[in-house]
$ cat run25.cif   # mmCIF, C-alpha atoms
data_final
loop_
_atom_site.label_atom_id
_atom_site.label_comp_id
_atom_site.auth_asym_id
_atom_site.auth_seq_id
_atom_site.Cartn_x
_atom_site.Cartn_y
_atom_site.Cartn_z
CA MET A 1 0.00 0.00 0.00
CA ALA A 2 3.08 2.19 -0.14
CA ASP A 3 1.86 3.98 -3.24
CA THR A 4 -1.29 5.14 -1.47
CA THR A 5 0.27 6.53 1.68
CA ARG A 6 3.43 8.16 0.44
CA PRO A 7 2.77 11.62 -0.92
CA PRO A 8 4.17 12.50 -4.32
CA ARG A 9 7.36 14.56 -4.21
CA SER A 10 5.46 17.70 -5.06
CA ALA A 11 3.24 17.32 -2.01
CA ARG A 12 5.83 16.56 0.64
CA PRO A 13 6.19 19.17 3.38
CA ARG A 14 8.63 21.95 2.69
CA CYS A 15 10.44 24.04 5.29
CA GLY A 16 8.11 26.98 4.78
CA PRO A 17 5.46 28.29 2.42
CA ASP A 18 6.53 28.28 -1.20
CA LEU A 19 5.25 31.62 -2.40
CA SER A 20 6.76 31.38 -5.86
CA GLU A 21 4.50 32.08 -8.80
CA GLN A 22 4.93 28.51 -9.99
CA ALA A 23 3.69 27.07 -6.71
CA GLN A 24 0.76 29.46 -6.53
CA ASP A 25 -0.36 28.25 -9.96
CA ARG A 26 -0.65 24.70 -8.71
CA THR A 27 -3.51 22.88 -7.03
CA LEU A 28 -3.13 20.17 -4.42
CA ILE A 29 -5.66 17.36 -4.21
CA ILE A 30 -5.83 15.93 -0.71
CA ALA A 31 -7.38 12.54 -1.23
CA CYS A 32 -8.23 9.26 0.38
CA GLY A 33 -5.49 6.68 -0.16
CA ALA A 34 -8.11 4.40 -1.71
CA LEU A 35 -8.24 6.80 -4.67
CA ALA A 36 -4.50 7.32 -5.14
CA ARG A 37 -4.03 5.07 -8.13
CA GLU A 38 -7.18 6.30 -9.87
CA ILE A 39 -6.55 10.03 -9.35
CA GLY A 40 -2.91 9.54 -10.31
CA SER A 41 -3.97 7.88 -13.54
CA ILE A 42 -6.41 10.71 -14.37
CA ILE A 43 -3.67 13.28 -13.78
CA GLY A 44 -1.20 11.34 -15.90
CA ARG A 45 -3.53 10.49 -18.79
CA ASN A 46 -4.78 14.05 -19.09
CA GLY A 47 -1.40 15.73 -18.62
CA LEU A 48 -2.74 17.76 -15.68
CA SER A 49 0.65 19.01 -14.60
CA HIS A 50 -0.87 21.78 -12.50
CA LEU A 51 -2.24 19.16 -10.10
CA ALA A 52 -0.37 17.57 -7.24
CA LEU A 53 -1.70 14.75 -5.11
CA ARG A 54 -1.33 14.02 -1.45
CA CYS A 55 -3.08 10.98 -0.01
CA LEU A 56 -4.12 10.28 3.55
CA PRO A 57 -4.15 6.65 4.71
CA ALA A 58 -7.12 4.67 3.42
CA THR A 59 -7.31 3.03 6.85
CA LEU A 60 -8.88 6.26 8.12
CA HIS A 61 -12.11 4.72 6.83
CA ASN A 62 -12.06 2.39 9.82
CA THR A 63 -12.46 5.48 12.00
CA PRO A 64 -14.37 7.93 9.76
CA GLU A 65 -14.83 10.37 12.65
CA LYS A 66 -11.11 11.11 12.29
CA ILE A 67 -11.31 12.00 8.58
CA PRO A 68 -12.53 15.62 8.92
CA GLU A 69 -9.73 16.76 11.23
CA ALA A 70 -7.09 14.82 9.27
CA VAL A 71 -8.27 16.62 6.14
CA ARG A 72 -8.31 19.98 7.92
CA GLU A 73 -4.74 19.47 9.09
CA ALA A 74 -3.59 18.52 5.59
CA VAL A 75 -5.40 21.49 4.03
CA ARG A 76 -3.79 23.92 6.46
CA ALA A 77 -0.35 22.37 5.96
CA ALA A 78 -0.69 22.75 2.18
CA ARG A 79 -2.13 26.21 2.11
CA GLY A 80 1.09 28.18 1.89
CA ASN A 81 2.45 25.97 -0.84
CA TYR A 82 -0.41 25.80 -3.30
CA GLY A 83 -2.67 28.32 -4.94
CA ARG A 84 -5.63 26.07 -4.36
CA VAL A 85 -6.49 22.92 -2.41
CA VAL A 86 -9.34 20.51 -3.18
CA VAL A 87 -10.46 17.46 -1.27
CA GLY A 88 -10.60 14.01 -2.84
CA TYR A 89 -13.07 12.53 -0.40
CA ALA A 90 -16.79 11.97 -0.58
CA ASP A 91 -18.70 12.29 2.71
CA CYS A 92 -17.25 8.87 3.54
CA GLY A 93 -19.34 8.19 6.63
CA THR A 94 -18.51 11.46 8.34
CA GLY A 95 -22.19 12.37 8.54
CA GLY A 96 -21.69 15.87 7.15
CA LEU A 97 -18.73 16.74 9.37
CA LEU A 98 -16.33 16.71 6.43
CA ASP A 99 -18.59 19.18 4.62
CA LYS A 100 -18.44 21.41 7.66
CA VAL A 101 -14.63 21.31 7.65
CA CYS A 102 -14.55 21.97 3.89
CA ALA A 103 -16.83 24.98 4.34
CA GLU A 104 -14.74 26.31 7.22
CA GLU A 105 -11.51 25.88 5.27
CA GLY A 106 -12.99 27.16 2.00
CA VAL A 107 -12.22 24.04 -0.01
CA GLU A 108 -14.33 21.91 -2.32
CA ARG A 109 -14.72 18.12 -2.16
CA ILE A 110 -15.89 15.47 -4.62
CA PRO A 111 -19.69 15.43 -4.48
CA GLY A 112 -21.37 12.28 -3.24
CA PRO A 113 -21.85 10.20 -0.13
CA HIS A 114 -19.01 7.75 -0.80
CA CYS A 115 -16.76 6.42 -3.53
CA TYR A 116 -19.26 3.71 -4.56
CA ALA A 117 -21.67 6.49 -5.43
CA PHE A 118 -19.33 8.68 -7.47
CA TYR A 119 -17.79 5.70 -9.25
CA SER A 120 -21.30 4.59 -10.21
CA GLY A 121 -22.22 8.19 -11.01
CA ASN A 122 -23.95 9.98 -8.13
CA ARG A 123 -27.21 10.40 -10.06
CA ALA A 124 -27.38 6.76 -11.08
CA PHE A 125 -26.52 5.68 -7.56
CA GLU A 126 -29.24 7.84 -6.08
CA ALA A 127 -31.73 6.65 -8.67
CA ALA A 128 -31.07 3.04 -7.71
CA GLY A 129 -32.48 3.93 -4.26
CA ASP A 130 -32.96 0.91 -2.05
CA ASP A 131 -32.60 -1.59 -4.91
CA ASP A 132 -28.98 -2.34 -4.02
CA MET A 133 -29.48 -1.98 -0.29
CA THR A 134 -28.41 -5.55 0.41
CA SER A 135 -25.25 -5.26 -1.67
CA PHE A 136 -21.71 -4.97 -0.35
CA TYR A 137 -19.60 -2.93 -2.74
CA LEU A 138 -16.04 -3.50 -3.78
CA THR A 139 -13.88 -1.24 -5.92
CA ASP A 140 -10.53 -2.06 -7.57
CA PHE A 141 -8.81 -0.77 -4.45
CA LEU A 142 -10.96 -2.80 -2.08
CA VAL A 143 -10.51 -5.94 -4.15
CA ARG A 144 -6.75 -5.51 -3.93
CA GLN A 145 -6.89 -4.78 -0.21
CA PHE A 146 -9.77 -7.13 0.63
CA ASP A 147 -7.89 -9.41 2.97
CA THR A 148 -6.30 -6.51 4.83
CA LEU A 149 -9.17 -4.06 5.01
CA VAL A 150 -12.12 -6.43 5.23
CA ILE A 151 -11.09 -9.88 6.43
CA ARG A 152 -8.36 -8.87 8.87
CA SER A 153 -9.79 -5.57 10.07
CA LEU A 154 -13.11 -7.24 10.87
CA GLY A 155 -11.29 -10.07 12.62
CA LEU A 156 -12.68 -12.69 10.24
CA ASP A 157 -9.29 -14.32 9.86
CA ARG A 158 -9.27 -15.05 13.59
CA HIS A 159 -13.01 -15.46 14.09
CA PRO A 160 -14.72 -16.64 10.90
CA GLU A 161 -17.81 -17.36 12.99
CA LEU A 162 -18.47 -13.59 13.08
CA ARG A 163 -19.08 -13.50 9.32
CA ASP A 164 -22.85 -13.69 9.51
CA MET A 165 -23.02 -11.06 12.23
CA TYR A 166 -21.34 -8.65 9.80
CA PHE A 167 -22.76 -9.83 6.50
CA GLY A 168 -25.89 -11.82 7.39
CA ASN A 169 -28.19 -9.11 6.01
CA TYR A 170 -26.30 -8.77 2.72
CA GLU A 171 -27.23 -10.77 -0.36
CA LYS A 172 -24.51 -10.04 -2.88
CA VAL A 173 -21.18 -8.43 -3.56
CA ILE A 174 -21.19 -5.88 -6.35
CA TYR A 175 -17.74 -5.26 -7.76
CA LEU A 176 -17.73 -1.74 -9.23
CA ALA A 177 -14.78 -2.21 -11.57
CA GLN A 178 -12.61 0.78 -12.46
CA THR A 179 -10.48 -1.23 -14.87
CA GLN A 180 -10.73 -4.35 -17.01
CA SER A 181 -8.75 -6.99 -15.18
CA ALA A 182 -9.44 -10.69 -15.18
CA GLU A 183 -7.20 -11.00 -12.14
CA LEU A 184 -9.20 -8.48 -10.11
CA ASP A 185 -12.43 -10.01 -11.32
CA ARG A 186 -11.36 -13.42 -10.03
CA ALA A 187 -10.24 -11.89 -6.73
CA ALA A 188 -13.57 -10.07 -6.35
CA GLU A 189 -15.49 -13.26 -7.01
CA LEU A 190 -13.37 -15.04 -4.42
CA ALA A 191 -14.10 -12.23 -1.96
CA ALA A 192 -17.83 -12.77 -2.50
CA GLU A 193 -17.33 -16.47 -1.86
CA LYS A 194 -15.49 -15.74 1.37
CA LEU A 195 -18.43 -13.63 2.54
CA GLY A 196 -20.93 -16.28 1.45
CA LEU A 197 -22.62 -13.84 -0.94
CA ALA A 198 -23.69 -13.87 -4.57
CA TYR A 199 -21.49 -11.97 -7.02
CA GLU A 200 -22.08 -9.31 -9.62
CA ARG A 201 -19.56 -7.30 -11.61
CA ARG A 202 -20.36 -3.84 -12.92
CA GLN A 203 -17.93 -2.02 -15.15
CA VAL A 204 -18.32 1.60 -14.01
CA GLY A 205 -14.88 3.06 -14.69
CA LEU A 206 -14.08 6.23 -12.80
CA GLY A 207 -17.59 7.69 -12.93
CA ASP A 208 -17.88 11.25 -11.62
CA LEU A 209 -14.32 11.21 -10.29
CA GLU A 210 -12.81 11.74 -13.74
CA GLN A 211 -14.87 14.86 -14.39
CA PHE A 212 -14.20 16.29 -10.95
CA ILE A 213 -10.42 15.91 -11.32
CA THR A 214 -10.20 17.13 -14.91
CA GLU A 215 -12.22 20.22 -14.05
CA VAL A 216 -9.98 21.20 -11.12
CA ASN A 217 -7.98 24.23 -12.15
CA MET B 1 -3.58 -18.07 27.34
CA ALA B 2 -3.28 -20.31 30.37
CA ASP B 3 -1.84 -23.82 30.09
CA GLU B 4 -4.28 -26.68 30.30
CA ASP B 5 -3.04 -27.45 33.80
CA ASP B 6 -3.95 -23.92 34.85
CA ASP B 7 -7.50 -24.13 33.49
CA VAL B 8 -10.04 -22.73 35.89
CA VAL B 9 -12.74 -25.12 37.06
CA LEU B 10 -15.72 -22.79 37.32
CA SER B 11 -17.68 -24.96 39.72
CA GLU B 12 -14.80 -24.86 42.23
CA LEU B 13 -14.84 -21.06 42.48
CA ASP B 14 -16.77 -19.32 45.22
CA ASP B 15 -19.50 -16.90 44.15
CA ALA B 16 -17.36 -13.76 44.15
CA GLU B 17 -14.55 -15.49 42.25
CA LEU B 18 -17.02 -16.94 39.77
CA VAL B 19 -18.60 -13.56 39.05
CA GLN B 20 -15.12 -12.09 38.56
CA GLN B 21 -14.27 -14.99 36.25
CA MET B 22 -17.46 -14.32 34.28
CA HIS B 23 -16.35 -10.73 33.74
CA ASP B 24 -13.05 -12.07 32.38
CA ASP B 25 -14.79 -14.69 30.24
CA LEU B 26 -17.18 -12.11 28.82
CA TYR B 27 -14.21 -9.91 28.03
CA ASP B 28 -12.61 -12.83 26.21
CA GLY B 29 -15.87 -13.74 24.43
CA LEU B 30 -16.03 -17.26 25.87
CA LYS B 31 -19.62 -18.27 25.20
CA GLU B 32 -19.55 -21.82 26.60
CA GLU B 33 -17.89 -20.68 29.81
CA ILE B 34 -20.55 -18.01 30.31
CA GLU B 35 -23.33 -20.54 29.78
CA GLU B 36 -21.71 -22.90 32.27
CA ALA B 37 -21.21 -20.15 34.85
CA VAL B 38 -24.80 -18.91 34.54
CA ASN B 39 -26.05 -22.43 35.18
CA ILE B 40 -23.75 -22.85 38.18
CA LEU B 41 -25.03 -19.62 39.75
CA LEU B 42 -28.63 -20.67 39.11
CA GLU B 43 -27.94 -24.03 40.80
CA ARG B 44 -26.52 -22.13 43.76
CA GLY B 45 -29.81 -20.31 44.10
CA TRP B 46 -28.89 -16.94 42.60
CA ALA B 47 -31.79 -14.85 41.36
CA PRO B 48 -31.73 -14.55 37.54
CA TYR B 49 -31.84 -10.77 37.86
CA ASP B 50 -28.70 -10.75 40.05
CA ILE B 51 -26.82 -12.94 37.58
CA LEU B 52 -27.87 -10.63 34.77
CA THR B 53 -26.87 -7.41 36.47
CA GLN B 54 -23.86 -8.41 38.57
CA ALA B 55 -22.22 -10.83 36.16
CA LEU B 56 -23.36 -10.15 32.60
CA VAL B 57 -24.22 -6.46 32.48
CA GLU B 58 -21.27 -5.49 34.65
CA GLY B 59 -18.98 -7.60 32.45
CA MET B 60 -20.28 -5.93 29.31
CA ARG B 61 -19.94 -2.52 30.95
CA ILE B 62 -16.21 -3.18 31.28
CA VAL B 63 -16.09 -4.32 27.63
CA GLY B 64 -17.87 -1.11 26.65
CA ILE B 65 -15.37 1.08 28.49
CA ASP B 66 -12.41 -0.62 26.83
CA PHE B 67 -14.11 -0.34 23.44
CA ARG B 68 -14.62 3.38 23.95
CA ASP B 69 -11.00 3.75 25.02
CA GLY B 70 -9.72 1.98 21.92
CA ILE B 71 -8.41 -1.05 23.83
CA LEU B 72 -10.97 -3.43 22.36
CA PHE B 73 -12.22 -3.38 18.78
CA VAL B 74 -15.42 -4.41 17.05
CA PRO B 75 -14.55 -8.12 16.58
CA GLU B 76 -13.78 -8.54 20.27
CA VAL B 77 -16.93 -6.69 21.28
CA LEU B 78 -18.99 -8.94 19.01
CA LEU B 79 -17.51 -12.04 20.63
CA SER B 80 -18.32 -10.61 24.07
CA ALA B 81 -21.83 -9.79 22.89
CA ASN B 82 -22.27 -13.35 21.65
CA ALA B 83 -21.22 -14.67 25.03
CA MET B 84 -23.62 -12.32 26.81
CA LYS B 85 -26.39 -13.27 24.41
CA ALA B 86 -25.87 -16.94 25.28
CA GLY B 87 -26.13 -16.12 28.98
CA MET B 88 -29.24 -14.04 28.45
CA PHE B 89 -30.81 -16.83 26.44
CA ILE B 90 -30.75 -18.97 29.57
CA LEU B 91 -31.90 -16.15 31.86
CA ARG B 92 -34.64 -14.55 29.75
CA PRO B 93 -37.47 -17.03 30.50
CA LEU B 94 -36.46 -17.12 34.16
CA LEU B 95 -36.52 -13.33 34.36
CA VAL B 96 -40.08 -13.36 33.05
CA GLU B 97 -41.07 -16.00 35.62
CA THR B 98 -39.46 -14.20 38.53
CA GLY B 99 -40.85 -10.80 37.56
CA ALA B 100 -37.58 -8.88 37.35
CA PRO B 101 -37.99 -5.11 37.70
CA LYS B 102 -38.76 -3.23 34.46
CA VAL B 103 -37.29 0.19 33.95
CA GLY B 104 -39.21 1.03 30.79
CA LYS B 105 -39.96 -0.01 27.24
CA MET B 106 -38.13 0.76 24.02
CA VAL B 107 -39.00 0.25 20.37
CA ILE B 108 -35.83 0.12 18.28
CA GLY B 109 -35.08 -0.38 14.60
CA THR B 110 -32.71 0.43 11.76
CA VAL B 111 -34.17 2.99 9.36
CA LYS B 112 -35.47 2.44 5.84
CA GLY B 113 -32.83 1.65 3.23
CA ASP B 114 -30.35 0.43 5.83
CA ILE B 115 -29.63 -3.19 6.68
CA HIS B 116 -26.95 -2.66 9.31
CA ASP B 117 -27.82 -3.91 12.75
CA ILE B 118 -24.69 -4.68 14.73
CA GLY B 119 -24.88 -1.49 16.79
CA LYS B 120 -28.63 -1.70 17.12
CA ASN B 121 -28.42 -5.29 18.37
CA LEU B 122 -25.78 -4.34 20.93
CA VAL B 123 -27.96 -1.49 22.14
CA GLY B 124 -31.00 -3.75 22.34
CA MET B 125 -29.09 -6.31 24.36
CA MET B 126 -27.63 -3.77 26.79
CA MET B 127 -30.99 -2.07 27.22
CA GLU B 128 -32.60 -5.42 27.97
CA GLY B 129 -29.82 -6.16 30.42
CA ALA B 130 -30.50 -2.83 32.10
CA GLY B 131 -34.12 -3.80 32.67
CA PHE B 132 -35.83 -2.34 29.62
CA GLU B 133 -38.33 -4.28 27.59
CA VAL B 134 -37.03 -4.04 24.03
CA ILE B 135 -39.17 -4.41 20.94
CA ASP B 136 -36.76 -4.83 18.04
CA LEU B 137 -38.19 -3.98 14.63
CA GLY B 138 -35.11 -5.23 12.80
CA ILE B 139 -33.71 -3.52 9.70
CA ASN B 140 -35.01 -1.38 6.82
CA ASN B 141 -37.97 0.16 8.63
CA PRO B 142 -40.23 2.65 6.88
CA VAL B 143 -41.95 5.23 9.06
CA GLU B 144 -45.13 3.14 9.20
CA ASN B 145 -43.32 0.35 11.06
CA TYR B 146 -42.22 2.75 13.76
CA LEU B 147 -45.64 4.34 14.09
CA ASP B 148 -47.43 0.99 14.24
CA ALA B 149 -45.02 -0.25 16.89
CA LEU B 150 -45.43 2.91 18.98
CA GLU B 151 -49.18 2.49 18.90
CA GLU B 152 -49.09 -1.20 19.65
CA HIS B 153 -46.46 -1.28 22.38
CA LYS B 154 -46.75 2.18 23.92
CA PRO B 155 -43.05 2.44 24.80
CA GLU B 156 -41.40 5.40 26.54
CA ILE B 157 -38.53 5.35 24.06
CA LEU B 158 -38.13 5.16 20.31
CA GLY B 159 -34.62 4.29 19.15
CA MET B 160 -33.46 4.63 15.55
CA SER B 161 -30.20 3.44 14.07
CA ALA B 162 -28.41 4.06 10.75
CA LEU B 163 -24.93 3.29 9.49
CA LEU B 164 -25.04 5.15 6.21
CA THR B 165 -24.78 8.84 5.47
CA THR B 166 -27.45 8.25 2.83
CA THR B 167 -29.95 6.65 5.19
CA MET B 168 -29.52 8.67 8.37
CA PRO B 169 -31.67 11.59 7.10
CA TYR B 170 -34.64 9.22 7.21
CA MET B 171 -34.71 9.73 10.96
CA LYS B 172 -36.02 13.21 10.30
CA VAL B 173 -38.83 11.74 8.20
CA VAL B 174 -39.88 9.64 11.18
CA VAL B 175 -39.64 12.51 13.69
CA ASP B 176 -41.47 14.91 11.35
CA THR B 177 -44.25 12.37 10.81
CA MET B 178 -44.57 11.98 14.57
CA LYS B 179 -44.86 15.77 14.83
CA GLU B 180 -47.51 15.88 12.11
CA LYS B 181 -49.52 13.29 14.00
CA GLY B 182 -49.11 15.20 17.24
CA ILE B 183 -47.37 12.33 19.03
CA ARG B 184 -43.76 13.51 18.99
CA ASP B 185 -43.72 14.63 22.62
CA ASP B 186 -45.27 11.41 23.82
CA TYR B 187 -41.95 9.64 23.33
CA ILE B 188 -38.28 9.99 24.03
CA VAL B 189 -36.50 9.73 20.67
CA MET B 190 -32.92 8.48 20.75
CA VAL B 191 -30.72 8.05 17.68
CA GLY B 192 -27.39 6.40 17.03
CA GLY B 193 -25.07 5.02 14.36
CA ALA B 194 -21.50 5.51 13.19
CA PRO B 195 -21.93 8.64 11.02
CA LEU B 196 -24.25 10.44 13.47
CA ASN B 197 -23.33 13.14 15.95
CA GLU B 198 -24.96 15.46 18.50
CA GLU B 199 -25.54 18.14 15.93
CA PHE B 200 -27.35 15.78 13.60
CA ALA B 201 -29.53 14.44 16.41
CA GLU B 202 -30.55 17.98 17.26
CA ALA B 203 -31.20 18.81 13.61
CA VAL B 204 -33.58 15.88 13.13
CA GLY B 205 -35.40 16.71 16.35
CA ALA B 206 -34.28 13.75 18.46
CA ASP B 207 -33.93 14.01 22.23
CA ALA B 208 -30.51 12.41 22.33
CA TYR B 209 -27.61 11.11 20.29
CA CYS B 210 -26.10 7.96 21.77
CA ARG B 211 -22.62 7.15 20.61
CA ASP B 212 -22.54 3.61 21.96
CA ALA B 213 -24.60 1.00 23.79
CA ALA B 214 -23.40 2.00 27.26
CA VAL B 215 -24.20 5.66 26.65
CA THR B 216 -27.63 4.64 25.34
CA VAL B 217 -28.44 2.85 28.58
CA GLU B 218 -27.29 5.76 30.75
CA THR B 219 -29.10 8.31 28.59
CA ALA B 220 -32.29 6.26 28.54
CA LYS B 221 -32.32 5.95 32.32
CA GLU B 222 -31.68 9.64 32.75
CA LEU B 223 -34.35 10.74 30.27
CA ILE B 224 -36.91 8.34 31.74
CA ALA B 225 -36.19 9.68 35.24
CA ARG B 226 -36.49 13.25 33.99
CA ARG B 227 -39.77 12.43 32.31
CA HIS B 228 -41.15 10.86 35.47
CA ASN B 229 -40.12 13.94 37.45
CA GLN B 230 -41.84 16.20 34.93
CA LEU B 231 -45.00 14.12 35.01
CA SER B 232 -45.09 14.02 38.79
CA SER B 233 -44.57 17.79 39.03
CA GLY B 234 -47.35 18.29 36.50
CA ASN B 235 -45.16 20.04 33.88
#

$ encode --input "run25.cif" --output "structure tokens"
Amino acid sequence: MADTTRPPRSARPRCGPDLSEQAQDRTLIIACGALAREIGSIIGRNGLSHLALRCLPATLHNTPEKIPEAVREAVRAARGNYGRVVVGYADCGTGGLLDKVCAEEGVERIPGPHCYAFYSGNRAFEAAGDDDMTSFYLTDFLVRQFDTLVIRSLGLDRHPELRDMYFGNYEKVIYLAQTQSAELDRAAELAAEKLGLAYERRQVGLGDLEQFITEVN
Amino acid sequence: MADEDDDVVLSELDDAELVQQMHDDLYDGLKEEIEEAVNILLERGWAPYDILTQALVEGMRIVGIDFRDGILFVPEVLLSANAMKAGMFILRPLLVETGAPKVGKMVIGTVKGDIHDIGKNLVGMMMEGAGFEVIDLGINNPVENYLDALEEHKPEILGMSALLTTTMPYMKVVVDTMKEKGIRDDYIVMVGGAPLNEEFAEAVGADAYCRDAAVTVETAKELIARRHNQLSSGN
């Protein structure tokens, strides 16, 4: 997971604010580590050299109440070095507290309640309503990190008997695929098996994330 | 973990030692040991209510404190809850028979569109352990389910739970409907769930936000007592 936690060179702390014209022309995206690869690929593919990326650990999702202040701290640390800062998080289970921090700090975040929604397209996700209520979502990142972030963090490696307490109300795993990868597809299907759930794959790509990043100036 | 030679024989412990051992076993999520210990105490003539409060609820209270302090995590708490559930399964019919004191009644359920119930189940169990009668509506409850249950069971407390940012606003739908029907003030409304906070609870018109099961029990007792005081003073 090194690539998701280590900030790119451009985003590493400097000794003091970089007030040069070049720095002030740049925008820093402070994002969830679970989006590092995807945002990085959007920046690279589109030649968005005015954008820099700094990721916070994806494991913050295990304690979402800590996300708003972690973001605030990162925004304040970046402020002197970048002309603009935007936040690469959805609400992510913060119950509106991240929006409050964004408003207080004067920064914008990716619209949507969580990454499953913006990858699916927020409108489409909302329109689906309760239809997918009993679905457990995986993304490329979560498929890659499934054993670490799901199995181990929920203690299912040590106590498999807890599986139905966590997942008993779910019916299927929906893998919202960002890329075409037979390897990830197999891993996602295996993840569904481990949870005792049916499996469905949906190719959604990057959804609303791509537009959000490419429109950041 | 102790060696086999060091294994504790529960039946050889005196009452105080056994209750202490039950706290430890609950902490470690040892379901069979809790079942055995409950049966031993019953054979020794303990009242079911005393076993519930002194052994199980007190044990879970310690688990709750360590969870809040970040010493225990969700998997461990679930194992403890399973152990407590097993103990309560034995005690529940006996509590009914012996007429254990009832503190109040609560209707609880996860809101519409949400299927998450781990927190709700923990709350229900701790409330029951604290002497509340708990009517659990399960998951994915539209407003009608809550209203029907309030009418049928006449509880003092309505509890709503949500895990998702997308489903938690439904709590306001329920509270607003209660207002429209003129029954909002007949009940104490308590809300909880991972993405919630005090501010949200206030915004939806709930009486309290409860961040965990232990806080729920304390808050429920306090609000019930306050309500009784208000009623007895005629306010």

$ axis_aligned_box --input "run25.cif" --around "stretch 214-217 of chain A" --padding-each-side "8 Å" --output "lines of an AutoDock Vina configuration file"
center_x = -10.1
center_y = 20.7
center_z = -13.0
size_x = 20.2
size_y = 23.1
size_z = 19.8

$ resolve_selection --input "run25.cif" --expression "the PyMOL selection byres ((chain A) within 8 of (chain B))" --output "VMD selection string"
chain A and resid 64 to 65 91 to 96 113 129 to 130 133 to 134 154 to 155 159 162 165 to 166 169 to 170

$ write_last_selection --input "run25.cif" --atoms "C-alpha atoms" --output "short mmCIF file (atom, residue, chain, number, x, y, z; two decimals), in the frame of the given file"
data_model
loop_
_atom_site.label_atom_id
_atom_site.label_comp_id
_atom_site.auth_asym_id
_atom_site.auth_seq_id
_atom_site.Cartn_x
_atom_site.Cartn_y
_atom_site.Cartn_z
CA PRO A 64 -14.37 7.93 9.76
CA GLU A 65 -14.83 10.37 12.65
CA ASP A 91 -18.70 12.29 2.71
CA CYS A 92 -17.25 8.87 3.54
CA GLY A 93 -19.34 8.19 6.63
CA THR A 94 -18.51 11.46 8.34
CA GLY A 95 -22.19 12.37 8.54
CA GLY A 96 -21.69 15.87 7.15
CA PRO A 113 -21.85 10.20 -0.13
CA GLY A 129 -32.48 3.93 -4.26
CA ASP A 130 -32.96 0.91 -2.05
CA MET A 133 -29.48 -1.98 -0.29
CA THR A 134 -28.41 -5.55 0.41
CA LEU A 154 -13.11 -7.24 10.87
CA GLY A 155 -11.29 -10.07 12.62
CA HIS A 159 -13.01 -15.46 14.09
CA LEU A 162 -18.47 -13.59 13.08
CA MET A 165 -23.02 -11.06 12.23
CA TYR A 166 -21.34 -8.65 9.80
CA ASN A 169 -28.19 -9.11 6.01
CA TYR A 170 -26.30 -8.77 2.72
#

$ atom_distance --input "run25.cif" --atom1 "atom CA of A:Leu97" --atom2 "atom CA of A:Gly207"
24.1 Å

$ atom_distance --input "run25.cif" --atom1 "atom CA of A:Leu195" --atom2 "atom CA of B:Thr110"
22.1 Å

$ atom_distance --input "run25.cif" --atom1 "atom CA of B:Glu156" --atom2 "atom CA of B:Gly99"
19.6 Å

$ residues_near_point --input "run25.cif" --point "(-6.8, 15.6, 7.3)" --cutoff "12 Å" --atoms "only C-alpha atoms" --output "MDAnalysis selection string"
chainID A and resid 29:33 54:58 60 64:78 86:89 98 101:102 105

$ closest_residue --input "run25.cif" --among "B:Glu43, B:Asp207, B:Glu144, B:Glu128" --to "B:Val57" --atoms "all atoms listed in the file"
B:Glu128

$ resolve_selection --input "run25.cif" --expression "the PyMOL selection byres ((chain A and resi 114-117) around 9)" --output "mmCIF file with C-alpha atoms, keeping the file's coordinate frame"
data_model
loop_
_atom_site.group_PDB
_atom_site.id
_atom_site.type_symbol
_atom_site.label_atom_id
_atom_site.label_comp_id
_atom_site.auth_asym_id
_atom_site.auth_seq_id
_atom_site.Cartn_x
_atom_site.Cartn_y
_atom_site.Cartn_z
ATOM 1 C CA LEU A 35 -8.240 6.800 -4.670
ATOM 2 C CA TYR A 89 -13.070 12.530 -0.400
ATOM 3 C CA ALA A 90 -16.790 11.970 -0.580
ATOM 4 C CA ASP A 91 -18.700 12.290 2.710
ATOM 5 C CA CYS A 92 -17.250 8.870 3.540
ATOM 6 C CA GLY A 93 -19.340 8.190 6.630
ATOM 7 C CA PRO A 111 -19.690 15.430 -4.480
ATOM 8 C CA GLY A 112 -21.370 12.280 -3.240
ATOM 9 C CA PRO A 113 -21.850 10.200 -0.130
ATOM 10 C CA PHE A 118 -19.330 8.680 -7.470
ATOM 11 C CA TYR A 119 -17.790 5.700 -9.250
ATOM 12 C CA SER A 120 -21.300 4.590 -10.210
ATOM 13 C CA GLY A 121 -22.220 8.190 -11.010
ATOM 14 C CA ASN A 122 -23.950 9.980 -8.130
ATOM 15 C CA ARG A 123 -27.210 10.400 -10.060
ATOM 16 C CA ALA A 124 -27.380 6.760 -11.080
ATOM 17 C CA PHE A 125 -26.520 5.680 -7.560
ATOM 18 C CA GLU A 126 -29.240 7.840 -6.080
ATOM 19 C CA TYR A 137 -19.600 -2.930 -2.740
ATOM 20 C CA LEU A 138 -16.040 -3.500 -3.780
ATOM 21 C CA THR A 139 -13.880 -1.240 -5.920
ATOM 22 C CA LEU A 176 -17.730 -1.740 -9.230
ATOM 23 C CA GLY A 207 -17.590 7.690 -12.930
ATOM 24 C CA ASP A 208 -17.880 11.250 -11.620
ATOM 25 C CA LEU A 209 -14.320 11.210 -10.290
ATOM 26 C CA THR B 165 -24.780 8.840 5.470
#

$ residues_around --input "run25.cif" --residues "B:Ile65" --least-positions-apart "3" --cutoff "12 Å" --atoms "all atoms listed in the file" --output "VMD selection string"
chain B and resid 27 58 to 62 68 to 73 77 212 to 215

$ resolve_selection --input "run25.cif" --expression "the PyMOL selection byres ((chain B and resi 106) around 8)" --output "NGL selection string"
:B and (104-105 or 107-108 or 132-135 or 155-159)

$ closest_residue --input "run25.cif" --among "B:Ala130, B:Ala37, B:Leu150, B:Ala162" --to "B:Thr53" --atoms "all atoms listed in the file"
B:Ala130
